[in-house]
Amino acid sequence: MNILSIKNLHATVDGKEILKGIDLEIGAGEIHAIMGPNGSGKSTLSYTLAGREGYEVTQGEVLYKGQDLLALLPEERAQAGIFLAFQYPVEIPGVPTVTFLKQAMNSVRKARGEKELDAFEFKKLMDARLKELNIVNDMVRRPLNAGFSGGEKKRMEVLQMALLAPTLAILDETDSGLDIDAMKVVAEGVNALRGADRSMLVITHYQRLLDYIVPDHVHVLAGGRIVRSGDKSLALELEEKGYADIATAAA
Amino acid sequence: MTTTRDNGLLADHTNLAAALPGAGAPWLDALRADGAKRFAGLGLPTRKDEAWKYTDLSALARSRFAPCCGAAPAPRSPEIPAPLVADGPQAVFINGRFDAELSTLGGAPEGVTALPLAQAMTQEPKLLESYLGRVAELGRKPLVALNTAWLADGFVLHLAGGVTLTRPIELVFWGDACAGDDRSAWHPRHLIVLDPSARATVVERHIGRPGGHFANSVTEIAVAAGAALRHYRMQDEPGDAAHIATTEVVLSAGAAYEGFVLSTGAALARNQIAVTLQGEGATASVNGAYMGRASQITDTTTLIDHAAPGCTSSQTYKGVLDERSRGVFQGRIVVRKDAQKSDGHQSNRAILLSDRAEIDAKPELEIYADDVKCGHGATAGELDDDALFYLRARGIPEHEARGLLIDAFIDGAIGEITHETVREAFRQRAEAWRQGGAA
């Protein structure tokens, strides 16, 4: 059984149909990349999978480990092991990062029937992850994402992913707003989290991220549909020819 | 229809005033008589008064009040919380009257006068005569007039020049209406005078049991050159009480006032503060948070008067309104002609958690000087959807995520409290309110 199975998914935003019949199967431990031009529906797909309000599914189904994903609230999806790394992580002044991390972690643990961590246990775990990911302590002492640089925000996303240990991670344009060095650091963090029991859906506009997070499969999204699928060489082809050719050829 | 004149608020004043503490001192008799006369003429404000356009006192005006019940003891034993700062001095007032047995004031340090008003009338008459009714002039202020008519007890704090009080003085006001059908009203009067370069922190907590009481307090504060007062108020009255607190502050050159009100209680609460920046380089930081649910009305009315050059004022208010509650924010900054280089800022932000909650905000800038930096901002909105989704996408259930965001929002105001222990206590109180509990 696949981890994620999307069948003929149609979704609208503000009454406008953005996703027009997506089919996608992701197996355990696989990394899939979805590439596409602006407006192709990439972010809509990631928000729809994460359960954001306002993204209405009008047709089709999404099964996560064989269960109806669309029936779950956003928090239930996260508790079930889906993690969306945001393209633009939200700044929340006033919420201390540590408080947030602990509450997220314990919400997920509680839902999974695991024991909640006390402050001491949590700190120990967090410190270990910080060290693995080479993140300075200072970041978690600040309010959540508030005033963080683009690179810091993305590393915070990776830290959250490391703590919540998802089964399926959706990385929404993780490279946007990052220079090449920052992107490498984030990619390293993501690669460290690869594993046989963790699938990833890497959504990106540019091929360059895929030099660092190498996918098993690449799909091209255009006009709300997947118009081509292939292996990692498809990304290079896209880089060479651009989206226009591929989208036209597929149409 | 019952009018203000015969609803009991001023009943039998001439006779009852003769039995109030300090009666017989000509200046005090005259002051009370003046208050009574003015209130008799003005009555409780109505919505026709510009300053009361958004807050309706007609329910209060229609109530029957027991004749000056403030002197009567509470019918049940009060529950007085431990001081916020462990082992700190605490003055306890029951229904507006000082209770020596419940209070733990200890001996006042050298240069510090800290005693109930009723006692100050015999011990410190000169101090009272110099300030009472002079910081808060009666003018056309009906509630100050009413308070003055009955002024009998309250707290007096006087610091001699250069004296620093290291621990906050805490004042606890416990309200528990007297028995009977009529409502009870009391009118505490407080005076805080800091001589040059003195420093003090005063904390007020307003609590009690349901019984429909009406607490109408007036606090007069004079801060001399280079002195600094921190003044924190936690208004957590029972849900059927009316709480109207008037604070008037005069700041001399280089003096500083920091005020904060956390208003969570009472059916109707109005916290009105007027600060006059009278001396050059004075600073006022006047902040607060108001939180309402059910059909509570919480009114914040501020007046910051820049009367001298080079003064700074800042106001940060945050409100969270749920269910059918209503918030009122009227903030006025005046910069007089000679008050050049004034810096005055004001911000009021409210979050409405329900479609039926409401906020009326009226910021006003009145600027007569030309070289000033002044600004105001007012917003009203809902919790940030993006933030809410972000938290939920991390597995945090919606009600917890909303709680985190409300706490964070209110913290933006509570963070202005510079006294760490007090800040933490106010933060906890706001959190407890949010979780739906009492204090």
# chains A, B, ... in the order shown; residues from 1 in each chain; ligands from 1
$ residues_around --residues "segment 355-366 of chain B" --least-positions-apart "5" --cutoff "7 Å" --atoms "only C-alpha atoms" --output "ChimeraX atom specification"
/B:321-335,376
$ closest_atom_pairs --of "chain B" --to "chain A" --cutoff "10 Å" --atoms "only C-alpha atoms" --output "Markdown table"
| residue | atom | partner | partner_atom | distance |
| --- | --- | --- | --- | --- |
| B:Asp384 | CA | A:Ile92 | CA | 9.5 |
| B:Asp385 | CA | A:Glu53 | CA | 9.0 |
| B:Asp386 | CA | A:Val90 | CA | 6.8 |
| B:Ala387 | CA | A:Val90 | CA | 6.0 |
| B:Leu388 | CA | A:Val90 | CA | 9.4 |
| B:Phe389 | CA | A:Arg52 | CA | 6.7 |
| B:Tyr390 | CA | A:Val90 | CA | 6.7 |
| B:Leu391 | CA | A:Ala104 | CA | 7.7 |
| B:Arg392 | CA | A:Glu75 | CA | 4.7 |
| B:Ala393 | CA | A:Glu75 | CA | 5.4 |
| B:Arg394 | CA | A:Ala104 | CA | 5.6 |
| B:Gly395 | CA | A:Glu75 | CA | 4.1 |
| B:Ile396 | CA | A:Ala104 | CA | 5.4 |
| B:Pro397 | CA | A:Glu75 | CA | 5.7 |
| B:Glu398 | CA | A:Glu75 | CA | 7.5 |
| B:Glu400 | CA | A:Gln103 | CA | 9.0 |
| B:Ala401 | CA | A:Phe100 | CA | 9.4 |
| B:Leu404 | CA | A:Val95 | CA | 6.9 |
| B:Leu405 | CA | A:Val95 | CA | 7.3 |
| B:Ile406 | CA | A:Gly94 | CA | 9.5 |
| B:Asp407 | CA | A:Gly94 | CA | 7.8 |
| B:Ala408 | CA | A:Gly94 | CA | 4.2 |
| B:Phe409 | CA | A:Gly94 | CA | 6.7 |
| B:Ile410 | CA | A:Gly94 | CA | 8.6 |
| B:Asp411 | CA | A:Gly94 | CA | 6.5 |
| B:Gly412 | CA | A:Gly94 | CA | 6.8 |
| B:Gly415 | CA | A:Gly94 | CA | 9.3 |
$ write_last_selection --atoms "C-alpha atoms" --output "PDB file, in the first residue's frame"
ATOM      1  CA  ASP B 384      -4.658  35.830  12.158  1.00  0.00           C
ATOM      2  CA  ASP B 385      -5.782  32.929   9.938  1.00  0.00           C
ATOM      3  CA  ASP B 386      -2.289  32.324   8.624  1.00  0.00           C
ATOM      4  CA  ALA B 387      -0.895  31.986  12.120  1.00  0.00           C
ATOM      5  CA  LEU B 388      -3.769  29.765  13.197  1.00  0.00           C
ATOM      6  CA  PHE B 389      -3.267  27.417  10.273  1.00  0.00           C
ATOM      7  CA  TYR B 390       0.487  27.330  10.828  1.00  0.00           C
ATOM      8  CA  LEU B 391       0.034  26.191  14.427  1.00  0.00           C
ATOM      9  CA  ARG B 392      -2.616  23.628  13.522  1.00  0.00           C
ATOM     10  CA  ALA B 393      -0.426  22.294  10.723  1.00  0.00           C
ATOM     11  CA  ARG B 394       2.023  21.388  13.490  1.00  0.00           C
ATOM     12  CA  GLY B 395      -0.531  19.236  15.258  1.00  0.00           C
ATOM     13  CA  ILE B 396      -1.736  21.797  17.802  1.00  0.00           C
ATOM     14  CA  PRO B 397      -5.532  21.507  18.209  1.00  0.00           C
ATOM     15  CA  GLU B 398      -7.499  24.564  17.143  1.00  0.00           C
ATOM     16  CA  GLU B 400      -5.033  25.460  21.892  1.00  0.00           C
ATOM     17  CA  ALA B 401      -3.721  27.285  18.845  1.00  0.00           C
ATOM     18  CA  LEU B 404      -1.496  30.581  22.080  1.00  0.00           C
ATOM     19  CA  LEU B 405      -2.340  33.428  19.723  1.00  0.00           C
ATOM     20  CA  ILE B 406      -4.544  35.241  22.238  1.00  0.00           C
ATOM     21  CA  ASP B 407      -1.859  34.980  24.915  1.00  0.00           C
ATOM     22  CA  ALA B 408       0.726  36.255  22.458  1.00  0.00           C
ATOM     23  CA  PHE B 409      -1.476  39.156  21.443  1.00  0.00           C
ATOM     24  CA  ILE B 410      -2.230  40.275  24.987  1.00  0.00           C
ATOM     25  CA  ASP B 411       1.397  39.803  25.902  1.00  0.00           C
ATOM     26  CA  GLY B 412       2.192  42.615  23.505  1.00  0.00           C
ATOM     27  CA  GLY B 415       5.110  43.087  28.123  1.00  0.00           C
TER      28      GLY B 415
END
$ select_by_dssp --residues "segment 77-249 of chain A" --states "alpha helix (DSSP H)" --output "number ranges by chain"
A: 77-80, 97-111, 119-133, 138-141, 150-164, 180-192, 209-212, 233-249
$ residues_around --residues "segment 101-104 of chain B" --least-positions-apart "6" --cutoff "12 Å" --atoms "only C-alpha atoms" --output "MDAnalysis selection string"
chainID B and resid 77:83 86:94 114:116 169:174
$ select_by_dssp --residues "segment 186-393 of chain B" --states "strand (DSSP E or B)" --output "ChimeraX atom specification"
/B:186,189-194,199-208,214-223,228-235,242-251,256-263,268-277,283-292,297-306,312-321,326-335,342-352,358-367,372-381
$ residues_around --residues "segment 7-17 of chain A" --least-positions-apart "3" --cutoff "6 Å" --atoms "only C-alpha atoms" --output "PyMOL selection string"
chain A and resi 20-23+55-61
$ write_last_selection --atoms "C-alpha atoms" --output "short mmCIF file (atom, residue, chain, number, x, y, z; two decimals), in the first residue's frame"
data_model
loop_
_atom_site.label_atom_id
_atom_site.label_comp_id
_atom_site.auth_asym_id
_atom_site.auth_seq_id
_atom_site.Cartn_x
_atom_site.Cartn_y
_atom_site.Cartn_z
CA LYS A 20 -8.07 19.90 -12.34
CA GLY A 21 -7.58 16.22 -11.82
CA ILE A 22 -4.32 15.28 -10.10
CA ASP A 23 -3.23 11.66 -9.92
CA TYR A 55 -9.13 25.07 -0.37
CA GLU A 56 -12.20 23.13 -1.34
CA VAL A 57 -12.00 19.69 -2.84
CA THR A 58 -14.77 19.31 -5.40
CA GLN A 59 -13.88 15.91 -6.82
CA GLY A 60 -11.54 13.00 -6.32
CA GLU A 61 -9.94 11.50 -3.24
#
$ closest_residue --among "B:Pro238, B:Gly24, B:Gly43, B:Gly344" --to "Ser313 of chain B" --atoms "only C-alpha atoms"
B:Gly344
